[in-house]
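Below is one structure, written out as structure tokens; the observations come after it.
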Amino acid sequence: MLPIREPQYPTTTELDARNAKAPPRFEIKAPPAAPDVVMVLLDDIGFGQSGAFGGPCNMPTLDRLAANGLRYNAFHTTALCSPTRTALLTGRNHHVNNAGAIMELATAFPGNTGIRPNDVTPLAEMLRLNGFSTAAFGKYHETPPWEVSVSGPYDRWPTHSGFDKFYGFIGGETNQWAPAIFDGTIRVEPPHDPNYHFTTDMTNQAIGWMQAQHSLTPDKPFYVYFATGALHAPHHVPKEYIDKYKGKFDQGWDKLREETFARQKAMGMIPQSAQLTPRPKEIPSWDSQTPEQKKLGARQMETFAGFAEHTDHEVGRLVQALEDMGVMDNTLLIYIVGDNGASAEGGPEGAYNEMMALNGIISNAAINMPHINEWGGPSTFPHYAIGWAWAGDTPFQWTKQIASHFGGTRNGMVMHWPKRIKAKGEIRSQFSHVTDIAPTALEAASLPFPKMVNGTEQRPFDGTSLVYTFDEANAKTKHTTQYFEMFGNRGIYHDGWVACTRHSIPWLMVENPPLTKDVWELYHVDEDFSEANNLAEKNPAKLKELQDLFMTVASRNYVLPIDDRRAERFNPVIAGRPDIMGSRTSLTVYPGMVGMAENAFINVKNRSHTITADVELANANTNGVIIAQAGRFGGWTLYMKQGKVHYEYNFFGVERTNIASIASLPAGKHVIKFQYEIDQPKPGTGGKCMLLVDDKKVGEGHIPKTQPFAFSGDEGADVGMDGETAVSDDYKQGDNKFTGKIGKVTIDLSPSKLSTADEKKVEEEGDIAATIED
């Protein structure tokens, strides 16, 4: 039972403390030999991308840990970000965590509400209440979006989920050059240093925290969750890392897949009997690409590979710190190479600005090529083409989001613990799952599973500790049954067999077939490593057995009813989840309100609206931002420059509209107003706009087109400044605070002029934007 109850002390009648003996002091301490626990989790990297598992990306830290520890080649995730993370940190299946998909697509159905139940206490809380220091660094993405504001509640933030310390970002992705960072629950602005990179920053923070813990309390073990934003898009990395891979991917994704497959066999990572699964028709061949597309594609993969090496370098600094502290020998370090398969969310040709693809605008060479030389730098927000994701999941079928097949769920994993794991450089092939990690850590710490935490009886772990694999390479698999489900893509593993059905493809925005019409496949994965031979027709009885088992297990884990809806789930009202704005059509904000997440701010997209700001100017040369939303890669800003009022709309960083007053405003109090009237009742439409000062028109213009569904995955709305990246090039990033005084700013929405059909279209196409948080 946690917390461990303090003993009841007997009362005394002794008056003088000098004549009495104090009882032993009550103090919670971890077991004497408990190891430090460090979990490293990379984002959006496939089974066949790291060199340790046969891929082309040089990751020497991973190689070194693998050479002195164990590699697991049958380790599985959930196929998507938030679900994998909740399962990893709690040891329970993702639907049990109410994380059937990303938090931004939560519904009212049990299994998908986005609210972690009280009977699913995270590992961090279990360890903290047993005497560990705990900290999380990097990406979190487990907090419901309607709770990401100063109004909370903070129950599902990291520091209320068992972690003493948190430094990182809350959502699904961030700009590595200018991230949206929280220290605990406080939004902090990163330093505006041209050499800044978030992975380096989070590593510095993690090292500093570990050193301080070990210095002050050397006998107290710590638990560190180190989850990089890399290698999720945007693929941001210093140019010198990209240059290391110049010309190494000119052969294209088809050939790269063959080369990776050959390396995997040569190093014994996959059985000699394994087969390379063919490219599906939905992914274009490399030979079908034009010379310009090939040049761009090669650059995309060079950037990704450099991003991987840079990330591993930072993990290496973390490992070096552990060695310098003298604790590496008794540190259980678990290096999980991906939270799902490689991401195919960049579209057929990749994207210079991922936000375009996530708004349903497919980039092509004409859009991307002007940015090829800056690809991966601060002026881009890039993602690679789907062909590279498929090659990154060699030798399996499909990619991230497709939970039915190993291309979506099979990831590499390394365990390193010199004091306990004596095997060096060996491979373990027992079926394992992300839910096995928490039980492994608890057993390694010699701690029992708590039957009750904070007054709530606990649901048992769904995973199985992997300690049994440390000494026995051929130990019989203990995790014998595991379901998979994501957006209707589903399957089940049981005793060496897999039955599965692919229901949808993430990059094809087409209507899904009825769930009852899905075609199931059957694989004997104990003999067919890559799921290459479909035995459904040859063994219908086995298929039926596993289909029935799936339904039983799915029901028990709150997977049912299966929800393949994406469009409807993007609308909080239809989905049945809370919405902090609700039906309000007006929002008043004040100075100091910064970093307001897009999901916690009034939605001005596809709506006529008015922005009214009460300001007081000290002189006629006022500068700075009054209010802004998002940043360099799309957004809007109302600001002043040399006393003149400006409004700028930034369409994905490729087209800007700026209107301004002709004359400077004199000192004193003023009411500045921006009015926008849409042209047509449809998503992405342009509109007429007007600037007014004290009810007098001072400027007007026309915005030709707008972003239909989302501005940003991380940058929010700010009053009195424009944080992270700057919406406008008219002012500097990090130096744009308003030099006057702001009383308040009010955003008023006009009644919607969208037709019922177009409102439905917004809902139907909005799911594109929702995938930004994957």
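Identifiers for the structure tokens are assigned positionally: chains receive A, B, ... in sequence, residues are indexed from 1 per chain, and ligands are indexed from 1 in the order shown.
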Residues of segment 468-503 of chain A that approach segment 509-517 of chain A to 10 Å or less, counting only C-alpha atoms: could you list each one with the shortest pair of atoms and its distance in Å to one decimal, rows by chain and increasing residue number, as a tab-separated table?
```
residue	atom	partner	partner_atom	distance
A:Phe487	CA	A:Asn512	CA	10.0
A:Gly488	CA	A:Leu515	CA	7.3
A:Asn489	CA	A:Leu515	CA	9.5
A:Thr501	CA	A:Leu515	CA	9.7
A:His503	CA	A:Asn512	CA	7.0
```
#### Entry: Selection near segment 268-271 of chain A, 8 Å with only C-alpha atoms, sequence-local residues under 6 positions removed, as a PyMOL selection string
chain A and resi 53-54+73+427+529
Keeping only N, CA, C and O atoms, write the selected residues as an mmCIF file, in the first residue's frame.
```cif
data_model
loop_
_atom_site.group_PDB
_atom_site.id
_atom_site.type_symbol
_atom_site.label_atom_id
_atom_site.label_comp_id
_atom_site.auth_asym_id
_atom_site.auth_seq_id
_atom_site.Cartn_x
_atom_site.Cartn_y
_atom_site.Cartn_z
ATOM 1 N N PHE A 53 20.404 -1.929 -35.395
ATOM 2 C CA PHE A 53 19.410 -2.885 -35.894
ATOM 3 C C PHE A 53 19.453 -2.991 -37.418
ATOM 4 O O PHE A 53 18.470 -3.345 -38.054
ATOM 5 N N GLY A 54 20.624 -2.665 -37.984
ATOM 6 C CA GLY A 54 20.858 -2.871 -39.405
ATOM 7 C C GLY A 54 20.612 -1.672 -40.293
ATOM 8 O O GLY A 54 20.762 -1.763 -41.512
ATOM 9 N N ASN A 73 14.903 -7.814 -30.439
ATOM 10 C CA ASN A 73 14.440 -7.644 -31.820
ATOM 11 C C ASN A 73 12.976 -8.035 -32.004
ATOM 12 O O ASN A 73 12.498 -8.123 -33.141
ATOM 13 N N ILE A 427 21.435 -11.026 -28.487
ATOM 14 C CA ILE A 427 20.100 -10.653 -28.973
ATOM 15 C C ILE A 427 19.056 -11.474 -28.229
ATOM 16 O O ILE A 427 19.256 -12.676 -27.985
ATOM 17 N N PHE A 529 9.242 -14.190 -39.561
ATOM 18 C CA PHE A 529 9.655 -13.027 -38.774
ATOM 19 C C PHE A 529 9.030 -11.728 -39.266
ATOM 20 O O PHE A 529 8.635 -10.871 -38.466
#
```
Residues of segment 436-506 of chain A within 8 Å of segment 405-410 of chain A: nearest atom pair and distance (Å, one decimal) for each, counting only C-alpha atoms, sorted by chain and number, as JSON lines?
```
{"residue": "A:Gly491", "atom": "CA", "partner": "A:His405", "partner_atom": "CA", "distance": 7.7}
{"residue": "A:Cys500", "atom": "CA", "partner": "A:His405", "partner_atom": "CA", "distance": 7.1}
{"residue": "A:Arg502", "atom": "CA", "partner": "A:His405", "partner_atom": "CA", "distance": 7.6}
```
For the selection just defined, write its residues with C-alpha atoms to a file, as a PDB file, in the first residue's frame.
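Written out: again.pdb:
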```pdb
ATOM      1  CA  GLY A 491      -4.546  -7.346 -34.608  1.00  0.00           C
ATOM      2  CA  CYS A 500      -4.540  -8.699 -38.144  1.00  0.00           C
ATOM      3  CA  ARG A 502      -5.312  -3.056 -41.945  1.00  0.00           C
TER       4      ARG A 502
END
```
### Query
Near Pro60 of chain A, within 10 Å and counting only C-alpha atoms, which residues show up once chain neighbours fewer than 5 positions away are dropped, as a VMD selection string?
chain A and resid 50 to 52 65 to 66 309 312 to 313 315 to 316
Please produce a file of the residues just selected, as a PDB file, in the first residue's frame, where the atoms kept are all heavy atoms.
```pdb
ATOM      1  N   SER A  50      18.250   2.573 -37.213  1.00  0.00           N
ATOM      2  CA  SER A  50      19.492   2.692 -36.442  1.00  0.00           C
ATOM      3  C   SER A  50      20.484   1.619 -36.861  1.00  0.00           C
ATOM      4  O   SER A  50      20.097   0.494 -37.208  1.00  0.00           O
ATOM      5  CB  SER A  50      19.199   2.564 -34.946  1.00  0.00           C
ATOM      6  OG  SER A  50      18.779   1.248 -34.623  1.00  0.00           O
ATOM      7  N   GLY A  51      21.762   1.962 -36.803  1.00  0.00           N
ATOM      8  CA  GLY A  51      22.793   1.007 -37.179  1.00  0.00           C
ATOM      9  C   GLY A  51      22.789  -0.236 -36.306  1.00  0.00           C
ATOM     10  O   GLY A  51      23.127  -1.334 -36.770  1.00  0.00           O
ATOM     11  N   ALA A  52      22.395  -0.105 -35.046  1.00  0.00           N
ATOM     12  CA  ALA A  52      22.380  -1.251 -34.139  1.00  0.00           C
ATOM     13  C   ALA A  52      21.386  -2.317 -34.568  1.00  0.00           C
ATOM     14  O   ALA A  52      21.512  -3.484 -34.176  1.00  0.00           O
ATOM     15  CB  ALA A  52      22.043  -0.787 -32.716  1.00  0.00           C
ATOM     16  N   LEU A  65      26.154   0.630 -26.116  1.00  0.00           N
ATOM     17  CA  LEU A  65      25.302   0.031 -25.089  1.00  0.00           C
ATOM     18  C   LEU A  65      24.855  -1.371 -25.500  1.00  0.00           C
ATOM     19  O   LEU A  65      24.795  -2.279 -24.669  1.00  0.00           O
ATOM     20  CB  LEU A  65      24.089   0.922 -24.836  1.00  0.00           C
ATOM     21  CG  LEU A  65      24.389   2.285 -24.194  1.00  0.00           C
ATOM     22  CD1 LEU A  65      23.145   3.168 -24.221  1.00  0.00           C
ATOM     23  CD2 LEU A  65      24.900   2.126 -22.764  1.00  0.00           C
ATOM     24  N   ALA A  66      24.558  -1.540 -26.795  1.00  0.00           N
ATOM     25  CA  ALA A  66      24.150  -2.856 -27.284  1.00  0.00           C
ATOM     26  C   ALA A  66      25.290  -3.863 -27.170  1.00  0.00           C
ATOM     27  O   ALA A  66      25.078  -5.031 -26.828  1.00  0.00           O
ATOM     28  CB  ALA A  66      23.677  -2.749 -28.728  1.00  0.00           C
ATOM     29  N   GLU A 309      21.783  10.787 -35.683  1.00  0.00           N
ATOM     30  CA  GLU A 309      23.135  10.748 -35.119  1.00  0.00           C
ATOM     31  C   GLU A 309      23.301  11.837 -34.052  1.00  0.00           C
ATOM     32  O   GLU A 309      23.921  11.608 -33.003  1.00  0.00           O
ATOM     33  CB  GLU A 309      24.179  10.907 -36.221  1.00  0.00           C
ATOM     34  CG  GLU A 309      25.603  10.775 -35.706  1.00  0.00           C
ATOM     35  CD  GLU A 309      26.648  10.650 -36.802  1.00  0.00           C
ATOM     36  OE1 GLU A 309      26.289  10.261 -37.935  1.00  0.00           O
ATOM     37  OE2 GLU A 309      27.824  10.951 -36.514  1.00  0.00           O
ATOM     38  N   ASP A 312      21.531  10.716 -30.873  1.00  0.00           N
ATOM     39  CA  ASP A 312      22.315   9.686 -30.187  1.00  0.00           C
ATOM     40  C   ASP A 312      23.546  10.293 -29.516  1.00  0.00           C
ATOM     41  O   ASP A 312      23.966   9.839 -28.444  1.00  0.00           O
ATOM     42  CB  ASP A 312      22.725   8.609 -31.187  1.00  0.00           C
ATOM     43  CG  ASP A 312      23.479   7.470 -30.527  1.00  0.00           C
ATOM     44  OD1 ASP A 312      22.832   6.607 -29.916  1.00  0.00           O
ATOM     45  OD2 ASP A 312      24.721   7.458 -30.624  1.00  0.00           O
ATOM     46  N   HIS A 313      24.118  11.320 -30.131  1.00  0.00           N
ATOM     47  CA  HIS A 313      25.261  12.011 -29.509  1.00  0.00           C
ATOM     48  C   HIS A 313      24.860  12.611 -28.172  1.00  0.00           C
ATOM     49  O   HIS A 313      25.619  12.531 -27.186  1.00  0.00           O
ATOM     50  CB  HIS A 313      25.772  13.108 -30.442  1.00  0.00           C
ATOM     51  CG  HIS A 313      26.759  14.041 -29.798  1.00  0.00           C
ATOM     52  ND1 HIS A 313      28.066  13.706 -29.553  1.00  0.00           N
ATOM     53  CD2 HIS A 313      26.598  15.310 -29.307  1.00  0.00           C
ATOM     54  CE1 HIS A 313      28.688  14.709 -28.953  1.00  0.00           C
ATOM     55  NE2 HIS A 313      27.821  15.695 -28.785  1.00  0.00           N
ATOM     56  N   VAL A 315      22.356  11.577 -26.254  1.00  0.00           N
ATOM     57  CA  VAL A 315      22.192  10.447 -25.336  1.00  0.00           C
ATOM     58  C   VAL A 315      23.565  10.013 -24.824  1.00  0.00           C
ATOM     59  O   VAL A 315      23.729   9.653 -23.649  1.00  0.00           O
ATOM     60  CB  VAL A 315      21.467   9.278 -26.016  1.00  0.00           C
ATOM     61  CG1 VAL A 315      21.382   8.075 -25.079  1.00  0.00           C
ATOM     62  CG2 VAL A 315      20.065   9.688 -26.463  1.00  0.00           C
ATOM     63  N   GLY A 316      24.550  10.086 -25.679  1.00  0.00           N
ATOM     64  CA  GLY A 316      25.920   9.736 -25.283  1.00  0.00           C
ATOM     65  C   GLY A 316      26.451  10.638 -24.183  1.00  0.00           C
ATOM     66  O   GLY A 316      27.167  10.186 -23.279  1.00  0.00           O
TER      67      GLY A 316
END
```
### Summary
Residue with the minimum atom-to-atom distance to Glu648 of chain A, picked from A:Val224, A:Ala667, A:Met690, A:Ala351 with only C-alpha atoms counted, is A:Met690
### Query
In terms of the shortest atom-to-atom distance over only C-alpha atoms, which of A:Arg128, A:Lys255, A:Arg656, A:Arg116 is closest to Arg156 of chain A?
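Checking each candidate against Arg156 of chain A, we get A:Arg116 as the closest.
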### Task
Select, from A:Gly687, A:Pro278, A:Gly387, A:Pro666, the residue with the minimum atom-to-atom distance to His609 of chain A, counting only C-alpha atoms.
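Answer, going by the shortest atom-to-atom distance: A:Gly687.
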Taking a cut-off of 12 Å and counting only C-alpha atoms, can you build a table that, for each residue of segment 146-240 of chain A near segment 729-733 of chain A, reports the nearest atom pair and how far apart they are in Å (one decimal), sorted by chain then residue number, as CSV?
```
residue,atom,partner,partner_atom,distance
A:Trp177,CA,A:Gln733,CA,11.6
A:Ala178,CA,A:Gln733,CA,9.5
A:Glu189,CA,A:Gln733,CA,11.1
A:Pro190,CA,A:Gln733,CA,11.3
A:Pro191,CA,A:Gln733,CA,10.6
A:His192,CA,A:Gln733,CA,7.7
A:Asp193,CA,A:Gln733,CA,10.6
A:Pro194,CA,A:Gln733,CA,11.2
```
### Query
Hey, what's within 9 Å of Arg317 of chain A if we count only C-alpha atoms and toss same-chain stuff fewer than 4 positions away? As a list of chain:residue names, please?
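Returned residues: A:Thr203, A:Asn204, A:Ile207, A:Asp312, A:His313, A:Ala321, A:Leu322.
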Write a file of the selected residues as a CSV table (one decimal), in the first residue's frame, keeping C-alpha atoms.
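Written output follows (result25.csv):
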```
chain,number,residue,atom,x,y,z
A,203,THR,CA,20.3,16.9,-22.0
A,204,ASN,CA,22.0,19.7,-20.1
A,207,ILE,CA,22.7,15.9,-16.5
A,312,ASP,CA,22.3,9.7,-30.2
A,313,HIS,CA,25.3,12.0,-29.5
A,321,ALA,CA,27.6,11.8,-17.2
A,322,LEU,CA,26.5,8.6,-15.5
```
### Message
Considering only alpha helix (DSSP H) as DSSP defines it on the backbone, what residues of segment 433-540 of chain A qualify? List them as JSON, numbers by chain.
### Response
{"A": [437, 438, 439, 440, 441, 442, 443, 444, 540]}
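Every protein, DNA or RNA residue with an atom at most 12 Å from Lys281 of chain A, where only C-alpha atoms count and chain neighbours fewer than 6 positions away do not, is listed here: A:Gly387, A:Trp390, A:Gln397, A:Trp398, A:Ile505.
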Residues just named, written with all heavy atoms as an mmCIF file, in the first residue's frame:
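result_3.cif written:
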```cif
data_model
loop_
_atom_site.group_PDB
_atom_site.id
_atom_site.type_symbol
_atom_site.label_atom_id
_atom_site.label_comp_id
_atom_site.auth_asym_id
_atom_site.auth_seq_id
_atom_site.Cartn_x
_atom_site.Cartn_y
_atom_site.Cartn_z
ATOM 1 N N GLY A 387 8.132 7.217 -48.688
ATOM 2 C CA GLY A 387 9.006 6.112 -49.098
ATOM 3 C C GLY A 387 10.123 5.859 -48.104
ATOM 4 O O GLY A 387 10.530 4.712 -47.873
ATOM 5 N N TRP A 390 8.749 3.943 -45.074
ATOM 6 C CA TRP A 390 8.592 2.517 -45.395
ATOM 7 C C TRP A 390 9.952 1.814 -45.358
ATOM 8 O O TRP A 390 10.083 0.716 -44.787
ATOM 9 C CB TRP A 390 7.925 2.388 -46.762
ATOM 10 C CG TRP A 390 7.917 1.015 -47.325
ATOM 11 C CD1 TRP A 390 7.224 -0.064 -46.872
ATOM 12 C CD2 TRP A 390 8.648 0.563 -48.474
ATOM 13 N NE1 TRP A 390 7.472 -1.155 -47.662
ATOM 14 C CE2 TRP A 390 8.343 -0.808 -48.657
ATOM 15 C CE3 TRP A 390 9.524 1.173 -49.377
ATOM 16 C CZ2 TRP A 390 8.880 -1.565 -49.691
ATOM 17 C CZ3 TRP A 390 10.056 0.426 -50.415
ATOM 18 C CH2 TRP A 390 9.734 -0.923 -50.551
ATOM 19 N N GLN A 397 5.970 -4.725 -43.131
ATOM 20 C CA GLN A 397 4.972 -4.001 -43.895
ATOM 21 C C GLN A 397 4.546 -2.741 -43.145
ATOM 22 O O GLN A 397 4.479 -2.718 -41.937
ATOM 23 C CB GLN A 397 3.728 -4.864 -44.117
ATOM 24 C CG GLN A 397 3.950 -6.180 -44.839
ATOM 25 C CD GLN A 397 2.642 -6.931 -45.009
ATOM 26 O OE1 GLN A 397 1.682 -6.422 -45.571
ATOM 27 N NE2 GLN A 397 2.597 -8.156 -44.495
ATOM 28 N N TRP A 398 4.270 -1.669 -43.911
ATOM 29 C CA TRP A 398 3.611 -0.470 -43.415
ATOM 30 C C TRP A 398 4.459 0.361 -42.454
ATOM 31 O O TRP A 398 5.673 0.179 -42.369
ATOM 32 C CB TRP A 398 2.228 -0.798 -42.846
ATOM 33 C CG TRP A 398 1.327 -1.426 -43.871
ATOM 34 C CD1 TRP A 398 0.894 -2.722 -43.904
ATOM 35 C CD2 TRP A 398 0.818 -0.807 -45.059
ATOM 36 N NE1 TRP A 398 0.121 -2.948 -45.011
ATOM 37 C CE2 TRP A 398 0.056 -1.787 -45.741
ATOM 38 C CE3 TRP A 398 0.903 0.469 -45.614
ATOM 39 C CZ2 TRP A 398 -0.603 -1.517 -46.944
ATOM 40 C CZ3 TRP A 398 0.244 0.735 -46.809
ATOM 41 C CH2 TRP A 398 -0.495 -0.253 -47.457
ATOM 42 N N ILE A 505 -5.149 3.850 -44.020
ATOM 43 C CA ILE A 505 -3.781 4.257 -44.324
ATOM 44 C C ILE A 505 -3.659 5.739 -43.981
ATOM 45 O O ILE A 505 -4.459 6.548 -44.445
ATOM 46 C CB ILE A 505 -3.439 4.031 -45.816
ATOM 47 C CG1 ILE A 505 -3.560 2.535 -46.147
ATOM 48 C CG2 ILE A 505 -2.037 4.523 -46.141
ATOM 49 C CD1 ILE A 505 -3.349 2.216 -47.612
#
```
### Task
Within 10 Å of segment 531-545 of chain A, counting only C-alpha atoms, which residues show up once you throw out same-chain ones fewer than 2 positions away? Write them as a ChimeraX atom specification, please.
/A:274-278,395-397,405-407,497-500,519-529,547-550
Using only N, CA, C and O atoms, please write the residues we just selected to a file, as a compact mmCIF listing (two decimals), in the first residue's frame.
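Printed below is out-v1.txt as written:
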```
# COMPACT_ATOMS: atom_id res chain seq x y z
N ALA A 274 14.06 -15.05 -42.84
CA ALA A 274 13.16 -13.89 -42.98
C ALA A 274 13.09 -13.43 -44.43
O ALA A 274 14.07 -13.51 -45.18
N GLN A 275 11.93 -12.94 -44.82
CA GLN A 275 11.71 -12.45 -46.18
C GLN A 275 11.46 -10.94 -46.15
O GLN A 275 10.88 -10.41 -45.20
N LEU A 276 11.90 -10.28 -47.22
CA LEU A 276 11.67 -8.84 -47.35
C LEU A 276 10.30 -8.62 -47.96
O LEU A 276 10.03 -9.04 -49.09
N THR A 277 9.42 -7.98 -47.22
CA THR A 277 8.05 -7.77 -47.72
C THR A 277 8.05 -6.73 -48.84
O THR A 277 8.83 -5.78 -48.82
N PRO A 278 7.18 -6.89 -49.84
CA PRO A 278 7.19 -6.00 -51.00
C PRO A 278 6.61 -4.63 -50.69
O PRO A 278 5.87 -4.44 -49.71
N PRO A 395 12.29 -5.08 -42.03
CA PRO A 395 11.77 -5.71 -43.25
C PRO A 395 10.24 -5.81 -43.28
O PRO A 395 9.69 -6.59 -44.04
N PHE A 396 9.57 -5.00 -42.46
CA PHE A 396 8.15 -5.21 -42.22
C PHE A 396 7.26 -4.41 -43.20
O PHE A 396 7.73 -3.54 -43.92
N GLN A 397 5.97 -4.73 -43.13
CA GLN A 397 4.97 -4.00 -43.89
C GLN A 397 4.55 -2.74 -43.14
O GLN A 397 4.48 -2.72 -41.94
N HIS A 405 0.21 -4.18 -38.28
CA HIS A 405 1.41 -4.82 -38.80
C HIS A 405 2.65 -4.32 -38.07
O HIS A 405 2.68 -3.22 -37.52
N PHE A 406 3.69 -5.13 -38.10
CA PHE A 406 4.90 -4.84 -37.35
C PHE A 406 5.60 -3.57 -37.82
O PHE A 406 6.39 -2.99 -37.08
N GLY A 407 5.36 -3.13 -39.05
CA GLY A 407 5.94 -1.86 -39.50
C GLY A 407 5.48 -0.69 -38.65
O GLY A 407 6.18 0.33 -38.55
N TRP A 497 1.57 -16.57 -33.06
CA TRP A 497 0.72 -16.28 -34.22
C TRP A 497 0.20 -14.85 -34.15
O TRP A 497 0.03 -14.30 -33.06
N VAL A 498 -0.06 -14.27 -35.32
CA VAL A 498 -0.67 -12.94 -35.40
C VAL A 498 -1.82 -12.98 -36.40
O VAL A 498 -1.67 -13.45 -37.53
N ALA A 499 -2.98 -12.51 -35.96
CA ALA A 499 -4.11 -12.25 -36.86
C ALA A 499 -4.31 -10.74 -36.88
O ALA A 499 -4.29 -10.09 -35.82
N CYS A 500 -4.49 -10.16 -38.07
CA CYS A 500 -4.54 -8.70 -38.14
C CYS A 500 -5.31 -8.24 -39.38
O CYS A 500 -5.51 -9.00 -40.34
N VAL A 519 -10.63 -7.14 -44.23
CA VAL A 519 -10.06 -8.44 -44.60
C VAL A 519 -8.92 -8.77 -43.63
O VAL A 519 -7.96 -8.01 -43.49
N TRP A 520 -9.03 -9.90 -42.99
CA TRP A 520 -8.04 -10.31 -41.99
C TRP A 520 -6.93 -11.14 -42.61
O TRP A 520 -7.15 -11.86 -43.60
N GLU A 521 -5.74 -11.03 -42.01
CA GLU A 521 -4.58 -11.80 -42.44
C GLU A 521 -4.10 -12.64 -41.25
O GLU A 521 -4.40 -12.34 -40.09
N LEU A 522 -3.34 -13.68 -41.55
CA LEU A 522 -2.84 -14.59 -40.52
C LEU A 522 -1.37 -14.90 -40.77
O LEU A 522 -0.99 -15.25 -41.89
N TYR A 523 -0.56 -14.75 -39.74
CA TYR A 523 0.88 -15.00 -39.86
C TYR A 523 1.36 -15.86 -38.69
O TYR A 523 0.97 -15.61 -37.54
N HIS A 524 2.21 -16.82 -39.00
CA HIS A 524 2.86 -17.63 -37.97
C HIS A 524 4.23 -17.00 -37.71
O HIS A 524 5.25 -17.41 -38.28
N VAL A 525 4.26 -15.98 -36.85
CA VAL A 525 5.46 -15.14 -36.73
C VAL A 525 6.62 -15.85 -36.04
O VAL A 525 7.76 -15.39 -36.13
N ASP A 526 6.37 -16.95 -35.35
CA ASP A 526 7.48 -17.73 -34.81
C ASP A 526 8.34 -18.28 -35.94
O ASP A 526 9.54 -18.55 -35.75
N GLU A 527 7.74 -18.47 -37.11
CA GLU A 527 8.46 -19.00 -38.28
C GLU A 527 8.58 -17.97 -39.39
O GLU A 527 9.37 -18.16 -40.32
N ASP A 528 7.79 -16.91 -39.32
CA ASP A 528 7.72 -15.90 -40.38
C ASP A 528 7.97 -14.54 -39.74
O ASP A 528 7.05 -13.79 -39.42
N PHE A 529 9.24 -14.19 -39.56
CA PHE A 529 9.65 -13.03 -38.77
C PHE A 529 9.03 -11.73 -39.27
O PHE A 529 8.64 -10.87 -38.47
N GLN A 547 -9.37 -14.29 -34.16
CA GLN A 547 -10.36 -13.21 -34.25
C GLN A 547 -11.26 -13.21 -33.02
O GLN A 547 -11.57 -12.14 -32.46
N ASP A 548 -11.67 -14.35 -32.60
CA ASP A 548 -12.51 -14.44 -31.41
C ASP A 548 -11.74 -14.00 -30.17
O ASP A 548 -12.28 -13.31 -29.29
N LEU A 549 -10.46 -14.39 -30.11
CA LEU A 549 -9.64 -13.98 -28.98
C LEU A 549 -9.47 -12.46 -28.96
O LEU A 549 -9.49 -11.84 -27.89
N PHE A 550 -9.28 -11.88 -30.13
CA PHE A 550 -9.17 -10.41 -30.19
C PHE A 550 -10.39 -9.75 -29.57
O PHE A 550 -10.26 -8.81 -28.77
```
#### Entry: Nearest to Thr290 of chain A, chosen from A:Asp16, A:Glu349, A:Glu655, A:Asp718, with only C-alpha atoms counted in the distances
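Of the candidates, the smallest distance to Thr290 of chain A is held by A:Glu349.
With atom CA of Ile703 of chain A on one side and atom CA of Gly686 of chain A on the other, the separation reads 5.2 Å.
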